[in-house]
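Structure file work20.cif; described as mmCIF, C-alpha atoms.
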data_entry
#
loop_
_atom_site.group_PDB
_atom_site.id
_atom_site.type_symbol
_atom_site.label_atom_id
_atom_site.label_comp_id
_atom_site.auth_asym_id
_atom_site.auth_seq_id
_atom_site.Cartn_x
_atom_site.Cartn_y
_atom_site.Cartn_z
ATOM 1 C CA MET A 4 67.295 104.629 121.693
ATOM 2 C CA GLU A 5 64.757 103.865 124.418
ATOM 3 C CA ILE A 6 65.259 100.492 126.063
ATOM 4 C CA VAL A 7 62.014 98.603 126.744
ATOM 5 C CA LYS A 8 62.086 96.798 130.061
ATOM 6 C CA LYS A 9 61.039 93.179 129.949
ATOM 7 C CA ASN A 10 59.989 90.822 132.693
ATOM 8 C CA LYS A 11 61.156 87.221 133.152
ATOM 9 C CA CYS A 12 58.630 85.930 130.586
ATOM 10 C CA GLY A 13 59.904 88.333 127.947
ATOM 11 C CA ILE A 14 56.690 90.382 127.887
ATOM 12 C CA ASN A 15 57.262 94.112 128.058
ATOM 13 C CA GLU A 16 55.501 96.417 130.502
ATOM 14 C CA GLN A 17 53.328 97.987 127.818
ATOM 15 C CA GLN A 18 51.890 94.600 126.962
ATOM 16 C CA ASN A 19 51.142 93.952 130.634
ATOM 17 C CA ILE A 20 49.255 97.250 130.841
ATOM 18 C CA ALA A 21 47.337 96.371 127.666
ATOM 19 C CA TYR A 22 46.319 93.016 129.131
ATOM 20 C CA TRP A 23 44.922 94.749 132.221
ATOM 21 C CA PHE A 24 42.852 97.085 130.049
ATOM 22 C CA ILE A 25 41.563 94.142 128.010
ATOM 23 C CA LEU A 26 40.740 92.224 131.185
ATOM 24 C CA VAL A 27 38.022 94.696 132.210
ATOM 25 C CA PRO A 28 35.780 94.377 129.103
ATOM 26 C CA VAL A 29 36.426 90.625 128.963
ATOM 27 C CA PHE A 30 35.315 90.314 132.600
ATOM 28 C CA LEU A 31 32.174 92.358 131.918
ATOM 29 C CA LEU A 32 31.425 90.289 128.812
ATOM 30 C CA VAL A 33 31.741 87.030 130.748
ATOM 31 C CA VAL A 34 29.735 88.169 133.782
ATOM 32 C CA PHE A 35 26.934 90.065 132.035
ATOM 33 C CA ALA A 36 26.658 88.192 128.714
ATOM 34 C CA ILE A 37 28.190 84.722 128.550
ATOM 35 C CA VAL A 38 27.257 83.563 132.069
ATOM 36 C CA PRO A 39 23.592 84.721 131.794
ATOM 37 C CA ILE A 40 23.263 82.949 128.437
ATOM 38 C CA ILE A 41 24.600 79.708 129.926
ATOM 39 C CA MET A 42 22.314 80.076 132.955
ATOM 40 C CA ALA A 43 19.302 80.772 130.733
ATOM 41 C CA LEU A 44 20.090 77.656 128.711
ATOM 42 C CA TYR A 45 20.357 75.521 131.859
ATOM 43 C CA TYR A 46 17.204 76.902 133.522
ATOM 44 C CA SER A 47 15.265 76.471 130.276
ATOM 45 C CA PHE A 48 15.456 72.709 130.895
ATOM 46 C CA THR A 49 14.292 72.996 134.510
ATOM 47 C CA ASP A 50 11.258 73.835 136.604
ATOM 48 C CA TYR A 51 12.628 76.695 138.712
ATOM 49 C CA ASN A 52 10.681 79.161 140.881
ATOM 50 C CA ILE A 53 13.658 80.873 142.633
ATOM 51 C CA ILE A 54 12.493 79.650 146.076
ATOM 52 C CA GLU A 55 13.196 75.964 145.497
ATOM 53 C CA SER A 56 16.069 74.222 143.748
ATOM 54 C CA PRO A 57 15.765 73.729 139.994
ATOM 55 C CA ASN A 58 14.066 70.515 138.936
ATOM 56 C CA TRP A 59 15.259 69.056 135.612
ATOM 57 C CA VAL A 60 12.337 68.586 133.195
ATOM 58 C CA GLY A 61 14.117 68.238 129.853
ATOM 59 C CA PHE A 62 12.394 69.728 126.806
ATOM 60 C CA ARG A 63 9.041 70.176 128.537
ATOM 61 C CA ASN A 64 9.355 73.985 128.672
ATOM 62 C CA PHE A 65 10.050 74.157 124.939
ATOM 63 C CA THR A 66 7.158 71.881 124.006
ATOM 64 C CA ARG A 67 4.935 73.969 126.277
ATOM 65 C CA ILE A 68 5.775 77.106 124.282
ATOM 66 C CA PHE A 69 4.074 75.741 121.161
ATOM 67 C CA GLN A 70 0.955 74.975 123.199
ATOM 68 C CA ASP A 71 0.844 78.363 124.902
ATOM 69 C CA GLU A 72 -1.919 80.554 123.507
ATOM 70 C CA PHE A 73 -0.581 83.716 125.171
ATOM 71 C CA PHE A 74 2.864 83.193 123.629
ATOM 72 C CA PHE A 75 1.347 83.307 120.153
ATOM 73 C CA ILE A 76 -0.631 86.400 121.143
ATOM 74 C CA SER A 77 2.569 88.099 122.264
ATOM 75 C CA LEU A 78 4.340 86.917 119.103
ATOM 76 C CA LYS A 79 1.551 88.319 116.918
ATOM 77 C CA ASN A 80 1.638 91.648 118.784
ATOM 78 C CA THR A 81 5.414 91.832 118.406
ATOM 79 C CA ILE A 82 5.163 91.147 114.670
ATOM 80 C CA VAL A 83 2.484 93.840 114.290
ATOM 81 C CA TYR A 84 4.684 96.244 116.221
ATOM 82 C CA THR A 85 7.648 95.371 113.982
ATOM 83 C CA PHE A 86 5.704 95.916 110.753
ATOM 84 C CA LEU A 87 4.556 99.334 111.981
ATOM 85 C CA TYR A 88 7.727 100.458 113.741
ATOM 86 C CA VAL A 89 10.420 99.499 111.217
ATOM 87 C CA PRO A 90 9.048 101.251 108.086
ATOM 88 C CA LEU A 91 7.968 104.323 110.038
ATOM 89 C CA GLY A 92 11.314 104.494 111.827
ATOM 90 C CA LEU A 93 13.161 104.272 108.498
ATOM 91 C CA ILE A 94 11.050 106.976 106.864
ATOM 92 C CA VAL A 95 11.272 109.431 109.755
ATOM 93 C CA SER A 96 14.996 108.977 110.384
ATOM 94 C CA LEU A 97 15.920 109.122 106.676
ATOM 95 C CA GLY A 98 13.683 112.126 106.085
ATOM 96 C CA ALA A 99 15.193 113.995 109.034
ATOM 97 C CA ALA A 100 18.705 113.121 107.841
ATOM 98 C CA ILE A 101 18.019 114.448 104.341
ATOM 99 C CA LEU A 102 16.583 117.688 105.723
ATOM 100 C CA LEU A 103 19.512 118.206 108.091
ATOM 101 C CA ASN A 104 22.143 117.321 105.509
ATOM 102 C CA ARG A 105 21.878 120.831 104.092
ATOM 103 C CA LYS A 106 24.289 123.609 104.986
ATOM 104 C CA MET A 107 22.271 125.942 107.183
ATOM 105 C CA LYS A 108 23.076 127.907 110.315
ATOM 106 C CA THR A 109 20.510 126.050 112.422
ATOM 107 C CA THR A 110 21.443 122.546 111.209
ATOM 108 C CA SER A 111 23.659 121.699 114.199
ATOM 109 C CA LEU A 112 21.005 122.965 116.616
ATOM 110 C CA PHE A 113 18.264 120.807 115.098
ATOM 111 C CA ARG A 114 20.573 117.777 115.019
ATOM 112 C CA THR A 115 21.069 118.201 118.753
ATOM 113 C CA PHE A 116 17.339 118.584 119.407
ATOM 114 C CA PHE A 117 16.461 115.513 117.348
ATOM 115 C CA TYR A 118 19.097 113.421 119.096
ATOM 116 C CA LEU A 119 18.040 114.383 122.644
ATOM 117 C CA PRO A 120 15.211 111.785 122.894
ATOM 118 C CA VAL A 121 17.811 109.027 122.464
ATOM 119 C CA LEU A 122 19.518 110.225 125.640
ATOM 120 C CA CYS A 123 16.328 110.445 127.694
ATOM 121 C CA SER A 124 15.278 107.722 130.101
ATOM 122 C CA SER A 125 12.564 105.460 128.720
ATOM 123 C CA VAL A 126 10.642 105.821 131.999
ATOM 124 C CA ALA A 127 10.677 109.620 131.789
ATOM 125 C CA THR A 128 9.733 109.489 128.109
ATOM 126 C CA ALA A 129 6.853 107.107 128.787
ATOM 127 C CA THR A 130 5.564 109.398 131.555
ATOM 128 C CA ILE A 131 5.528 112.361 129.169
ATOM 129 C CA TRP A 132 3.822 110.414 126.415
ATOM 130 C CA TYR A 133 1.262 109.025 128.849
ATOM 131 C CA TRP A 134 -0.042 112.560 129.300
ATOM 132 C CA LEU A 135 0.380 113.526 125.635
ATOM 133 C CA LEU A 136 -1.836 110.575 124.672
ATOM 134 C CA ASN A 137 -4.504 111.255 127.295
ATOM 135 C CA PRO A 138 -7.834 111.172 125.438
ATOM 136 C CA GLN A 139 -9.321 114.134 127.386
ATOM 137 C CA VAL A 140 -6.460 116.554 128.065
ATOM 138 C CA GLY A 141 -3.655 115.151 125.920
ATOM 139 C CA LEU A 142 -1.866 117.493 123.545
ATOM 140 C CA LEU A 143 -2.107 115.089 120.604
ATOM 141 C CA ASN A 144 -5.900 114.880 120.674
ATOM 142 C CA GLN A 145 -6.143 118.633 121.170
ATOM 143 C CA LEU A 146 -4.054 119.192 118.030
ATOM 144 C CA LEU A 147 -6.240 116.751 116.130
ATOM 145 C CA GLY A 148 -9.300 118.623 117.390
ATOM 146 C CA LEU A 149 -8.006 121.848 115.802
ATOM 147 C CA ILE A 150 -8.363 120.249 112.365
ATOM 148 C CA GLY A 151 -11.751 118.699 113.140
ATOM 149 C CA ILE A 152 -10.592 115.187 114.012
ATOM 150 C CA ASN A 153 -11.956 113.496 117.119
ATOM 151 C CA GLY A 154 -8.873 111.784 118.567
ATOM 152 C CA PRO A 155 -9.173 108.195 119.784
ATOM 153 C CA ALA A 156 -8.658 106.891 123.301
ATOM 154 C CA TRP A 157 -5.109 105.945 122.429
ATOM 155 C CA LEU A 158 -3.968 103.861 125.398
ATOM 156 C CA TYR A 159 -7.455 102.651 126.332
ATOM 157 C CA SER A 160 -8.410 101.205 122.943
ATOM 158 C CA SER A 161 -7.221 97.805 121.756
ATOM 159 C CA ASN A 162 -7.270 99.161 118.183
ATOM 160 C CA TRP A 163 -5.026 102.166 118.899
ATOM 161 C CA ALA A 164 -2.817 101.191 121.847
ATOM 162 C CA MET A 165 -0.144 99.504 119.710
ATOM 163 C CA THR A 166 -0.126 102.473 117.320
ATOM 164 C CA ALA A 167 0.459 104.792 120.282
ATOM 165 C CA ILE A 168 3.413 102.687 121.438
ATOM 166 C CA VAL A 169 4.857 102.729 117.916
ATOM 167 C CA ILE A 170 4.605 106.539 117.725
ATOM 168 C CA MET A 171 6.402 106.910 121.052
ATOM 169 C CA SER A 172 9.069 104.369 120.059
ATOM 170 C CA VAL A 173 9.805 106.140 116.777
ATOM 171 C CA TRP A 174 10.136 109.451 118.603
ATOM 172 C CA MET A 175 12.555 107.863 121.077
ATOM 173 C CA SER A 176 14.863 106.198 118.551
ATOM 174 C CA PHE A 177 14.842 108.123 115.289
ATOM 175 C CA GLY A 178 17.620 110.507 116.412
ATOM 176 C CA GLY A 179 20.249 107.783 116.567
ATOM 177 C CA ASN A 180 19.235 106.316 113.207
ATOM 178 C CA MET A 181 19.192 109.833 111.765
ATOM 179 C CA MET A 182 22.863 110.246 112.683
ATOM 180 C CA ILE A 183 23.711 106.971 110.920
ATOM 181 C CA PHE A 184 21.891 108.119 107.786
ATOM 182 C CA LEU A 185 23.647 111.485 107.995
ATOM 183 C CA ALA A 186 27.003 109.719 107.969
ATOM 184 C CA GLY A 187 25.888 107.756 104.920
ATOM 185 C CA LEU A 188 24.628 110.867 103.114
ATOM 186 C CA GLN A 189 27.874 112.731 103.720
ATOM 187 C CA GLY A 190 29.784 109.808 102.217
ATOM 188 C CA ILE A 191 28.030 110.160 98.826
ATOM 189 C CA ASN A 192 30.190 111.746 96.131
ATOM 190 C CA PRO A 193 28.817 115.263 95.334
ATOM 191 C CA ALA A 194 29.893 114.802 91.714
ATOM 192 C CA LEU A 195 26.975 112.393 91.250
ATOM 193 C CA TYR A 196 24.484 115.122 92.120
ATOM 194 C CA GLU A 197 26.299 117.625 89.908
ATOM 195 C CA ALA A 198 26.033 115.234 86.967
ATOM 196 C CA ALA A 199 22.330 114.733 87.705
ATOM 197 C CA ASP A 200 21.787 118.516 87.758
ATOM 198 C CA ILE A 201 23.426 118.792 84.349
ATOM 199 C CA GLU A 202 21.046 116.119 83.054
ATOM 200 C CA GLY A 203 18.094 118.103 84.456
ATOM 201 C CA ALA A 204 17.030 115.591 87.116
ATOM 202 C CA ASN A 205 14.605 116.798 89.794
ATOM 203 C CA SER A 206 14.884 116.095 93.536
ATOM 204 C CA TRP A 207 12.792 112.926 93.426
ATOM 205 C CA GLN A 208 14.786 111.505 90.507
ATOM 206 C CA LYS A 209 18.064 112.242 92.305
ATOM 207 C CA PHE A 210 16.746 110.499 95.407
ATOM 208 C CA LEU A 211 15.697 107.360 93.510
ATOM 209 C CA GLY A 212 18.723 107.279 91.228
ATOM 210 C CA ILE A 213 21.522 108.368 93.573
ATOM 211 C CA THR A 214 20.620 108.766 97.245
ATOM 212 C CA TRP A 215 18.652 105.567 97.790
ATOM 213 C CA PRO A 216 21.073 103.202 95.960
ATOM 214 C CA GLN A 217 24.093 104.796 97.648
ATOM 215 C CA LEU A 218 22.443 104.306 101.069
ATOM 216 C CA SER A 219 21.624 100.623 100.514
ATOM 217 C CA LYS A 220 24.155 99.333 103.069
ATOM 218 C CA THR A 221 23.257 102.062 105.559
ATOM 219 C CA THR A 222 19.553 101.294 105.159
ATOM 220 C CA PHE A 223 20.232 97.592 105.691
ATOM 221 C CA LEU A 224 22.144 98.346 108.891
ATOM 222 C CA VAL A 225 19.463 100.658 110.276
ATOM 223 C CA SER A 226 16.598 98.310 109.354
ATOM 224 C CA THR A 227 18.407 95.398 111.030
ATOM 225 C CA GLN A 228 18.852 97.409 114.218
ATOM 226 C CA LEU A 229 15.193 98.437 114.121
ATOM 227 C CA ILE A 230 13.994 94.853 113.693
ATOM 228 C CA ILE A 231 16.190 93.567 116.531
ATOM 229 C CA GLY A 232 15.012 96.429 118.760
ATOM 230 C CA ALA A 233 11.391 95.704 117.822
ATOM 231 C CA PHE A 234 11.665 92.106 118.993
ATOM 232 C CA GLN A 235 13.086 93.353 122.302
ATOM 233 C CA VAL A 236 10.455 96.032 122.985
ATOM 234 C CA PHE A 237 9.418 96.071 126.638
ATOM 235 C CA ASP A 238 9.662 99.460 128.372
ATOM 236 C CA GLN A 239 6.998 101.140 126.267
ATOM 237 C CA ALA A 240 4.372 98.431 126.752
ATOM 238 C CA TYR A 241 5.172 98.099 130.441
ATOM 239 C CA MET A 242 5.030 101.810 131.215
ATOM 240 C CA LEU A 243 2.112 102.854 129.018
ATOM 241 C CA THR A 244 -0.372 99.983 128.891
ATOM 242 C CA LYS A 245 0.839 97.086 131.084
ATOM 243 C CA GLY A 246 0.162 94.838 128.098
ATOM 244 C CA GLY A 247 -3.457 95.931 127.754
ATOM 245 C CA PRO A 248 -6.134 96.624 126.923
ATOM 246 C CA GLY A 249 -7.152 93.023 126.374
ATOM 247 C CA ASN A 250 -3.562 91.796 125.871
ATOM 248 C CA SER A 251 -3.360 93.906 122.694
ATOM 249 C CA THR A 252 0.095 95.263 123.551
ATOM 250 C CA ILE A 253 1.698 92.379 125.402
ATOM 251 C CA THR A 254 4.998 91.644 123.661
ATOM 252 C CA ILE A 255 7.349 88.663 123.826
ATOM 253 C CA VAL A 256 9.751 90.319 126.275
ATOM 254 C CA TYR A 257 6.835 91.591 128.384
ATOM 255 C CA TYR A 258 5.426 88.053 128.455
ATOM 256 C CA ILE A 259 8.825 86.713 129.513
ATOM 257 C CA TYR A 260 8.908 89.288 132.306
ATOM 258 C CA ASN A 261 5.429 88.304 133.482
ATOM 259 C CA LYS A 262 6.281 84.610 133.532
ATOM 260 C CA GLY A 263 9.642 85.068 135.236
ATOM 261 C CA PHE A 264 8.995 87.777 137.801
ATOM 262 C CA GLY A 265 5.200 87.701 137.983
ATOM 263 C CA GLY A 266 4.572 83.970 138.019
ATOM 264 C CA LEU A 267 8.019 82.897 139.286
ATOM 265 C CA GLU A 268 8.259 80.450 136.381
ATOM 266 C CA MET A 269 11.936 81.085 135.760
ATOM 267 C CA GLY A 270 12.437 77.834 133.887
ATOM 268 C CA TYR A 271 9.710 78.610 131.381
ATOM 269 C CA ALA A 272 10.787 82.253 131.131
ATOM 270 C CA SER A 273 14.344 81.104 130.425
ATOM 271 C CA ALA A 274 13.089 78.857 127.634
ATOM 272 C CA LEU A 275 11.220 81.805 126.130
ATOM 273 C CA SER A 276 14.286 84.016 126.541
ATOM 274 C CA PHE A 277 16.565 81.475 124.913
ATOM 275 C CA LEU A 278 14.145 81.062 122.012
ATOM 276 C CA LEU A 279 14.101 84.827 121.531
ATOM 277 C CA PHE A 280 17.885 84.930 121.816
ATOM 278 C CA MET A 281 18.200 82.299 119.101
ATOM 279 C CA ILE A 282 15.863 84.225 116.793
ATOM 280 C CA ILE A 283 17.898 87.408 117.208
ATOM 281 C CA PHE A 284 21.186 85.515 116.920
ATOM 282 C CA VAL A 285 20.160 83.812 113.660
ATOM 283 C CA PHE A 286 18.934 87.096 112.208
ATOM 284 C CA SER A 287 22.193 88.812 113.189
ATOM 285 C CA LEU A 288 24.204 85.962 111.638
ATOM 286 C CA ILE A 289 22.280 86.264 108.364
ATOM 287 C CA ASN A 290 22.803 90.011 108.425
ATOM 288 C CA MET A 291 26.542 89.553 108.943
ATOM 289 C CA ARG A 292 26.812 87.086 106.039
ATOM 290 C CA LEU A 293 24.864 89.379 103.691
ATOM 291 C CA THR A 294 26.930 92.391 104.720
ATOM 292 C CA ASN A 295 30.185 90.504 104.096
ATOM 293 C CA LYS A 296 28.991 89.448 100.642
ATOM 294 C CA GLU A 297 28.103 93.035 99.739
ATOM 295 C CA THR A 298 31.439 94.282 101.043
ATOM 296 C CA ASN A 299 33.388 91.691 99.104
#

Could you write out this file's structure as structure tokens?
Amino acid sequence: MEIVKKNKCGINEQQNIAYWFILVPVFLLVVFAIVPIIMALYYSFTDYNIIESPNWVGFRNFTRIFQDEFFFISLKNTIVYTFLYVPLGLIVSLGAAILLNRKMKTTSLFRTFFYLPVLCSSVATATIWYWLLNPQVGLLNQLLGLIGINGPAWLYSSNWAMTAIVIMSVWMSFGGNMMIFLAGLQGINPALYEAADIEGANSWQKFLGITWPQLSKTTFLVSTQLIIGAFQVFDQAYMLTKGGPGNSTITIVYYIYNKGFGGLEMGYASALSFLLFMIIFVFSLINMRLTNKETN
């Protein structure tokens, strides 16, 4: 029998090694998550421009938020983006998962291709889409021209700029959500579909009666991730439109960035960040409670 060596405190060497492995993620969590949250909370009650020392102002930054016209513009734009991005992201990712859930020789290849955009840098992706959406030489407008449609000036029109950002965002993220849906689809009992075939159900009836109900928890998870990601959208608006034209694509996170790094209003930006953090935290807490109830 192997004898486990113990130190003076009675803790064996394996436990010591485990503690060292745990120490690394705990350190990263404290430095890059807990400490920034505490700092954001403190600076949200101060007037801080980086150059000078923070000046305590109490709740003035928070009361200022509700009097800030541009904050409500960014909030409205973010909500519009969410209402466009979440349903479209669900439909595209679920549709791709259903198509690639079939046993075909090329299934693995297409799964890899569809997942590649998730691995690409958002800066590189935005650069590609900037040229694809060019109103004169862009590929998208050229394809629309083949079917007799005069494509809009995507990134230069306040009516179409947000739609262009949504299209790019869906293309960037649907691969990861597709993999989640694939896992959910492969967990459905095939006997349910066999019983439906015996009853003479068509594809649409099987989707409504079996696939969609069986994917309820998966759909809830994916939609929650999409909503949280929608509230945090920044790269796309920054790279493609810089918040324009006419502030039509300025989002909450982009507005926070402008206030913090553009106007050096770190106190006010921290208040905005903490408000956004609280919104996401509350939504995540509700999601966790609902998921626990469904599981139990």

Subject >> Residues matched by the PyMOL selection byres ((chain A and resi 163-167) around 10), written as a PyMOL selection string >> reply: chain A and resi 80-81+83-84+87-88+132-133+136+155-162+168-172+239-240+243-244+246-248+251-253

Subject >> Nearest to Val140 of chain A, chosen from A:Gly154, A:Phe223, A:Gln208, A:Phe264, with all atoms listed in the file counted in the distances >> reply: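 Selected residue with least distance to Val140 of chain A: A:Gly154.
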
Subject >> Selection near Gln228 of chain A, 10 Å with all atoms listed in the file, sequence-local residues under 5 positions removed, as a PyMOL selection string >> reply: chain A and resi 89+180+222-223+233+287

Subject >> For Tyr241 of chain A, the nearest of the candidates A:Ser111, A:Ser273, A:Leu185, A:Thr130, counting only C-alpha atoms >> reply: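 Smallest separation from Tyr241 of chain A among the options: A:Thr130.
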
Using all atoms listed in the file, which residues sit within 12 Å of Phe116 of chain A once same-chain residues fewer than 4 positions away are excluded, as a PDB file with C-alpha atoms, keeping the file's coordinate frame?
ATOM      1  CA  ALA A  99      15.193 113.995 109.034  1.00  0.00           C
ATOM      2  CA  LEU A 103      19.512 118.206 108.091  1.00  0.00           C
ATOM      3  CA  THR A 109      20.510 126.050 112.422  1.00  0.00           C
ATOM      4  CA  THR A 110      21.443 122.546 111.209  1.00  0.00           C
ATOM      5  CA  SER A 111      23.659 121.699 114.199  1.00  0.00           C
ATOM      6  CA  LEU A 112      21.005 122.965 116.616  1.00  0.00           C
ATOM      7  CA  PRO A 120      15.211 111.785 122.894  1.00  0.00           C
ATOM      8  CA  VAL A 121      17.811 109.027 122.464  1.00  0.00           C
ATOM      9  CA  LEU A 122      19.518 110.225 125.640  1.00  0.00           C
ATOM     10  CA  CYS A 123      16.328 110.445 127.694  1.00  0.00           C
ATOM     11  CA  TRP A 174      10.136 109.451 118.603  1.00  0.00           C
ATOM     12  CA  MET A 175      12.555 107.863 121.077  1.00  0.00           C
ATOM     13  CA  PHE A 177      14.842 108.123 115.289  1.00  0.00           C
ATOM     14  CA  GLY A 178      17.620 110.507 116.412  1.00  0.00           C
ATOM     15  CA  GLY A 179      20.249 107.783 116.567  1.00  0.00           C
ATOM     16  CA  MET A 181      19.192 109.833 111.765  1.00  0.00           C
TER      17      MET A 181
END

Original post:
Which residues come within 12 Å of Phe62 of chain A, counting only C-alpha atoms, excluding same-chain residues fewer than 2 positions away, as an MDAnalysis selection string?
Top reply: chainID A and resid 44:50 59:60 64:69 270:271 274

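Considering the residues A:Ile230, A:Leu278, A:Leu78, A:Ala198 and counting only C-alpha atoms, Leu93 of chain A has its shortest atom-to-atom contact with A:Ile230.
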
Original post:
So how far away is atom CA of Asp238 of chain A from atom CA of Leu97 of chain A, in Å?
Top reply: 24.6 Å
